[in-house]
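> Right, I'll just put the structure down here and ask away after.
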Amino acid sequence: MLPQQPQSFGPELRRHRLAADLSLDQLGRRVHYSKGQLSKVERGLKPPTPQLARLCDEELGARGALTGLVPVAAPTSDLPPTSHEGEVWLMHLDKDGSGSFQPIGRRRVISAGAASVLGIGMGGMHVTTETGAMTLIDASRTLFSQYRRLGQVSGPGALLPQLISQTHSLQQLATRSGTRTRQTLLVLASRFAEYTGWMAQESGNDAAALWWTDRAVELAESGNDHSLTAYASARRALISLFRGDTDGAIGLASQALDSPAAPRIRGLAAQKLAQCQAVKGDYDACMRSLDRSRELLALEHRDPQEPVIGASHLPDVAAMFTGWCLYELGRPGDAAQILGRETARLPAHALRTRSRYELRRALAHAAAGEVELACQVARGLLSTIGLVQSATITSDLRRLARTLGRHHRNPSVRELSPELSTALATASH
């Protein structure tokens, strides 16, 4: 049985190709697909991929018309609700080092007795002096920075138990502190919770990522910091986008952008909105959102002592994501150039960040037909990708494998293929 595809895509692709006075072979060379592959798509024998549609849109000047004919995949499942009132999060650790999360109701935890997580008290710990409070706050900020640095060189499984424990400890210490110290500790706890959510997403657990993001909002609000409320919408937008709900993601990102949040939060929301618009194939809207992101991020006035919300290792967030968006918009050559320039500016220790954007650069090179360069970049990343164990990076690694698979006779692809297969198999376990 032939795979389903939109009936109008093939004829529309042929109509735009003929209007541009291009043969199948000529178009194939421009988008780096074979004549045979394009012929099957035009005849309805092979479904178009979103990437092919965007590449053809760009080459044929269709301005998103072809991308709009490729149905967006239905979200893998509904996102969980944002309210988790009365819920407690437990982490089960196995002897082999693996772990899992489980949300349970507060009543069940209480009924489990004093040995439960709610029964783990902080002893006689109280913050009673200003000096003690400042020491605790400074130490916690330093610890947060070290955890973020550690997250660049290790898998999320190694960090999650520590992040969860630290979030809980700060929250408990806050209840035993004076008003000013309490608010500061709760805001710090919120930053730990937000980073816990990011590491949960990196582990492939979207439900946990959303739970912890919502928990971060609750902690921040308790500390009289309202910045994370809008940021949570931006985070949910990104997760929705990765799950295939592009329209829902646009709504969430727009909600965060239109909020009264600080310029950095709104700048990050504009960047995520640009990503969504790029996936939709809307070049003009995407570039406007990137310009808005750049303008808002330039207005940031941040206390250098406070933990950064969002990406902390990108010298220029808007520039890096311009490269990311251009790839999605079917302009892989331009994307590779920008991504190459921006990844060269990343700090040496930021292995997770470097893996993410260098892999996207490899994808851009492959889509632009620069197969040997794509293989060269990818080969240098495989060991690091195995180290950081990122579900989102692994998703792009699969995309790269599929793109390179179109050039399976290329010597560089054949040489890389065993290593790439091993990396994907390892990441799947």
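In the structure tokens, chains take letters A, B, ... by order of appearance, with residues numbered from 1 within each chain and ligands from 1 in the order shown.
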Which residues, written as a PyMOL selection string, have at least one atom at most 8 Å from Phe144 (chain A), with only C-alpha atoms counted and residues fewer than 3 positions away on the same chain left out?

chain A and resi 140-141+147-148+192+307

> Return as a ChimeraX atom specification the full set of residues in region 214-371 of chain A whose backbone-based DSSP assignment is helix (DSSP H, G or I).

/A:214-222,227-242,246-257,263-279,283-298,317-328,332-343,351-367,371

> Using only C-alpha atoms, what does the table of region 212-327 of chain A residues within 12 Å of region 32-53 of chain A look like, with each row giving the shortest atom pair and its distance in Å to one decimal, sorted by chain and ascending number, as a Markdown table?


```
| residue | atom | partner | partner_atom | distance |
| --- | --- | --- | --- | --- |
| A:Gly244 | CA | A:Pro50 | CA | 11.6 |
| A:Ala278 | CA | A:Gln51 | CA | 11.1 |
| A:Val279 | CA | A:Pro50 | CA | 8.2 |
| A:Lys280 | CA | A:Pro50 | CA | 9.1 |
| A:Gly281 | CA | A:Ala53 | CA | 8.9 |
| A:Leu326 | CA | A:Gln51 | CA | 11.5 |
| A:Tyr327 | CA | A:Gln51 | CA | 8.8 |
```

> Those residues you just picked out, can you put them in a file as a compact mmCIF listing (two decimals), in the first residue's frame with all heavy atoms?


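Just written: result-v6.txt:
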```txt
# COMPACT_ATOMS: atom_id res chain seq x y z
N GLY A 244 5.09 18.57 16.98
CA GLY A 244 4.33 18.68 15.74
C GLY A 244 3.13 19.60 15.79
O GLY A 244 2.44 19.76 14.78
N ALA A 278 9.25 29.63 10.82
CA ALA A 278 10.15 29.01 9.84
C ALA A 278 9.64 27.63 9.45
O ALA A 278 9.65 27.26 8.27
CB ALA A 278 11.56 28.92 10.41
N VAL A 279 9.18 26.87 10.44
CA VAL A 279 8.65 25.54 10.14
C VAL A 279 7.40 25.64 9.28
O VAL A 279 7.14 24.79 8.41
CB VAL A 279 8.34 24.78 11.46
CG1 VAL A 279 7.57 23.50 11.19
CG2 VAL A 279 9.65 24.45 12.19
N LYS A 280 6.64 26.72 9.45
CA LYS A 280 5.45 26.94 8.61
C LYS A 280 5.83 27.44 7.21
O LYS A 280 4.98 27.52 6.33
CB LYS A 280 4.54 27.98 9.27
CG LYS A 280 3.90 27.52 10.56
CD LYS A 280 2.69 26.65 10.34
CE LYS A 280 1.49 27.47 9.96
NZ LYS A 280 0.24 26.65 9.90
N GLY A 281 7.10 27.80 7.01
CA GLY A 281 7.54 28.29 5.71
C GLY A 281 7.26 29.75 5.46
O GLY A 281 7.32 30.21 4.31
N LEU A 326 16.84 29.66 8.92
CA LEU A 326 17.10 29.60 7.47
C LEU A 326 17.17 28.17 6.98
O LEU A 326 16.76 27.88 5.84
CB LEU A 326 18.39 30.35 7.15
CG LEU A 326 18.30 31.88 7.21
CD1 LEU A 326 19.68 32.51 7.05
CD2 LEU A 326 17.35 32.41 6.14
N TYR A 327 17.67 27.27 7.80
CA TYR A 327 17.64 25.85 7.41
C TYR A 327 16.20 25.38 7.24
O TYR A 327 15.85 24.74 6.24
CB TYR A 327 18.35 25.00 8.46
CG TYR A 327 18.11 23.52 8.27
CD1 TYR A 327 18.81 22.80 7.30
CD2 TYR A 327 17.14 22.86 9.02
CE1 TYR A 327 18.55 21.45 7.10
CE2 TYR A 327 16.89 21.51 8.84
CZ TYR A 327 17.60 20.81 7.87
OH TYR A 327 17.34 19.48 7.66
```

> What does the structure give for the distance between CA of Gln172 (chain A) and CA of Gln201 (chain A), in Å to one decimal?

25.3 Å

> For Lys272 (chain A), find every residue with an atom within 8 Å (counting only C-alpha atoms), except residues of its own chain fewer than 6 positions away, and show them as a list in words.

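Listed by chain and then number, they are Ala234, Ala237, Leu238 and Ala253 of chain A.
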
> Compile the contact shell of Gly151 (chain A) as a list in words: residues with an atom at most 12 Å away, counting only C-alpha atoms, same-chain residues fewer than 5 positions apart removed.

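Result of the neighbour search: Phe144, Ser145, Gln146, Pro156, Gly157, Ala158, Leu159, Leu160, Gln162, Leu163, Tyr195, Thr196, Trp198, Met199, Ala200, Glu202, Ser203, Ser312, His313, His349, Ala350, Leu351, Arg352, Thr353, Leu387, Val388, Gln389 and Ser390 of chain A.
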
> Can you spit out the residues from that selection as an mmCIF file, in the first residue's frame, using N, CA and C atoms?


```cif
data_model
loop_
_atom_site.group_PDB
_atom_site.id
_atom_site.type_symbol
_atom_site.label_atom_id
_atom_site.label_comp_id
_atom_site.auth_asym_id
_atom_site.auth_seq_id
_atom_site.Cartn_x
_atom_site.Cartn_y
_atom_site.Cartn_z
ATOM 1 N N PHE A 144 24.536 26.731 41.323
ATOM 2 C CA PHE A 144 23.714 26.700 40.112
ATOM 3 C C PHE A 144 24.583 26.853 38.864
ATOM 4 N N SER A 145 25.530 27.787 38.908
ATOM 5 C CA SER A 145 26.432 27.976 37.774
ATOM 6 C C SER A 145 27.239 26.718 37.498
ATOM 7 N N GLN A 146 27.670 26.035 38.549
ATOM 8 C CA GLN A 146 28.452 24.812 38.367
ATOM 9 C C GLN A 146 27.602 23.689 37.784
ATOM 10 N N PRO A 156 21.766 14.159 31.112
ATOM 11 C CA PRO A 156 20.810 14.690 32.090
ATOM 12 C C PRO A 156 20.573 13.760 33.269
ATOM 13 N N GLY A 157 20.723 12.453 33.060
ATOM 14 C CA GLY A 157 20.489 11.510 34.150
ATOM 15 C C GLY A 157 21.421 11.713 35.324
ATOM 16 N N ALA A 158 22.633 12.222 35.054
ATOM 17 C CA ALA A 158 23.588 12.458 36.132
ATOM 18 C C ALA A 158 23.239 13.696 36.942
ATOM 19 N N LEU A 159 22.479 14.618 36.358
ATOM 20 C CA LEU A 159 22.175 15.887 37.006
ATOM 21 C C LEU A 159 20.813 15.932 37.686
ATOM 22 N N LEU A 160 19.844 15.231 37.117
ATOM 23 C CA LEU A 160 18.469 15.394 37.588
ATOM 24 C C LEU A 160 18.289 15.121 39.085
ATOM 25 N N GLN A 162 20.328 15.516 41.526
ATOM 26 C CA GLN A 162 20.938 16.610 42.286
ATOM 27 C C GLN A 162 20.126 17.894 42.151
ATOM 28 N N LEU A 163 19.646 18.164 40.953
ATOM 29 C CA LEU A 163 18.846 19.372 40.735
ATOM 30 C C LEU A 163 17.539 19.311 41.519
ATOM 31 N N TYR A 195 15.748 24.792 35.259
ATOM 32 C CA TYR A 195 16.833 24.030 34.632
ATOM 33 C C TYR A 195 16.563 22.534 34.735
ATOM 34 N N THR A 196 15.922 22.116 35.819
ATOM 35 C CA THR A 196 15.502 20.716 35.934
ATOM 36 C C THR A 196 14.562 20.354 34.783
ATOM 37 N N TRP A 198 14.487 21.713 31.825
ATOM 38 C CA TRP A 198 15.254 21.619 30.583
ATOM 39 C C TRP A 198 15.986 20.289 30.500
ATOM 40 N N MET A 199 16.592 19.846 31.615
ATOM 41 C CA MET A 199 17.290 18.561 31.619
ATOM 42 C C MET A 199 16.310 17.403 31.428
ATOM 43 N N ALA A 200 15.093 17.559 31.958
ATOM 44 C CA ALA A 200 14.075 16.525 31.734
ATOM 45 C C ALA A 200 13.716 16.443 30.259
ATOM 46 N N GLU A 202 15.706 17.248 27.805
ATOM 47 C CA GLU A 202 16.875 16.644 27.165
ATOM 48 C C GLU A 202 16.880 15.125 27.335
ATOM 49 N N SER A 203 16.284 14.639 28.409
ATOM 50 C CA SER A 203 16.219 13.192 28.627
ATOM 51 C C SER A 203 15.093 12.550 27.821
ATOM 52 N N SER A 312 22.513 30.288 27.970
ATOM 53 C CA SER A 312 23.527 31.113 28.635
ATOM 54 C C SER A 312 24.885 31.045 27.957
ATOM 55 N N HIS A 313 25.016 30.241 26.902
ATOM 56 C CA HIS A 313 26.319 30.069 26.253
ATOM 57 C C HIS A 313 26.362 30.616 24.833
ATOM 58 N N HIS A 349 34.160 24.914 26.567
ATOM 59 C CA HIS A 349 33.605 23.940 27.517
ATOM 60 C C HIS A 349 32.134 23.621 27.235
ATOM 61 N N ALA A 350 31.462 24.386 26.367
ATOM 62 C CA ALA A 350 30.025 24.220 26.141
ATOM 63 C C ALA A 350 29.764 23.099 25.146
ATOM 64 N N LEU A 351 30.034 21.870 25.554
ATOM 65 C CA LEU A 351 29.945 20.733 24.630
ATOM 66 C C LEU A 351 28.515 20.452 24.197
ATOM 67 N N ARG A 352 27.550 20.547 25.111
ATOM 68 C CA ARG A 352 26.154 20.294 24.749
ATOM 69 C C ARG A 352 25.680 21.333 23.728
ATOM 70 N N THR A 353 25.955 22.601 24.013
ATOM 71 C CA THR A 353 25.543 23.670 23.102
ATOM 72 C C THR A 353 26.244 23.533 21.752
ATOM 73 N N LEU A 387 28.122 11.581 24.769
ATOM 74 C CA LEU A 387 28.417 12.014 26.139
ATOM 75 C C LEU A 387 27.262 12.801 26.741
ATOM 76 N N VAL A 388 26.684 13.739 25.980
ATOM 77 C CA VAL A 388 25.664 14.628 26.557
ATOM 78 C C VAL A 388 24.266 14.017 26.560
ATOM 79 N N GLN A 389 24.028 12.987 25.763
ATOM 80 C CA GLN A 389 22.778 12.218 25.808
ATOM 81 C C GLN A 389 21.536 13.110 25.748
ATOM 82 N N SER A 390 21.395 13.817 24.637
ATOM 83 C CA SER A 390 20.272 14.737 24.464
ATOM 84 C C SER A 390 19.241 14.166 23.509
#
```

> Between A:Leu186, A:Ala318, A:Pro347, A:Arg379, which has the minimum distance to Gly223 (chain A) (counting only C-alpha atoms)?

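With only C-alpha atoms as the atom set, the closest residue is A:Leu186.
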
> Smallest atom-to-atom distance to Gly64 (chain A): which of A:His16, A:Arg402, A:His407, A:Arg345, using only C-alpha atoms?

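The shortest atom-to-atom distance to Gly64 (chain A) comes from A:His16.
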
> Applying 9 Å and only C-alpha atoms, which residues near Thr322 (chain A) remain after dropping the ones on its own chain fewer than 2 positions away? List them as a list of chain:residue names.

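The contact residues come out as A:Gln271, A:Ala274, A:Gln275, A:Cys286, A:Met287, A:Leu290, A:Val317, A:Ala318, A:Ala319, A:Met320, A:Trp324, A:Cys325, A:Leu326, A:Tyr327, A:Ala335, A:Ile338, A:Leu339.
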
> Could you take the residues named above and write them with C-alpha atoms, as a PDB file, in the first residue's frame?


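Contents of again.pdb, freshly written:
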```
ATOM      1  CA  GLN A 271      12.962  33.783  18.872  1.00  0.00           C
ATOM      2  CA  ALA A 274      10.454  32.734  14.607  1.00  0.00           C
ATOM      3  CA  GLN A 275      11.282  29.024  14.816  1.00  0.00           C
ATOM      4  CA  CYS A 286      10.077  34.691  10.606  1.00  0.00           C
ATOM      5  CA  MET A 287      12.518  37.492   9.787  1.00  0.00           C
ATOM      6  CA  LEU A 290      13.976  37.533  14.585  1.00  0.00           C
ATOM      7  CA  VAL A 317      20.977  34.288  20.418  1.00  0.00           C
ATOM      8  CA  ALA A 318      19.241  36.004  17.483  1.00  0.00           C
ATOM      9  CA  ALA A 319      22.135  35.362  15.090  1.00  0.00           C
ATOM     10  CA  MET A 320      22.389  31.675  15.967  1.00  0.00           C
ATOM     11  CA  TRP A 324      18.553  27.639  12.530  1.00  0.00           C
ATOM     12  CA  CYS A 325      15.503  29.251  10.911  1.00  0.00           C
ATOM     13  CA  LEU A 326      17.101  29.605   7.473  1.00  0.00           C
ATOM     14  CA  TYR A 327      17.642  25.848   7.413  1.00  0.00           C
ATOM     15  CA  ALA A 335      22.117  28.658   7.210  1.00  0.00           C
ATOM     16  CA  ILE A 338      25.744  31.695   9.689  1.00  0.00           C
ATOM     17  CA  LEU A 339      25.872  28.603  11.897  1.00  0.00           C
TER      18      LEU A 339
END
```

> Take CA of Leu27 (chain A) and CA of Pro332 (chain A) and report the distance between them in Å, one decimal.

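So the two atoms, CA of Leu27 (chain A) and CA of Pro332 (chain A), lie 15.4 Å apart.
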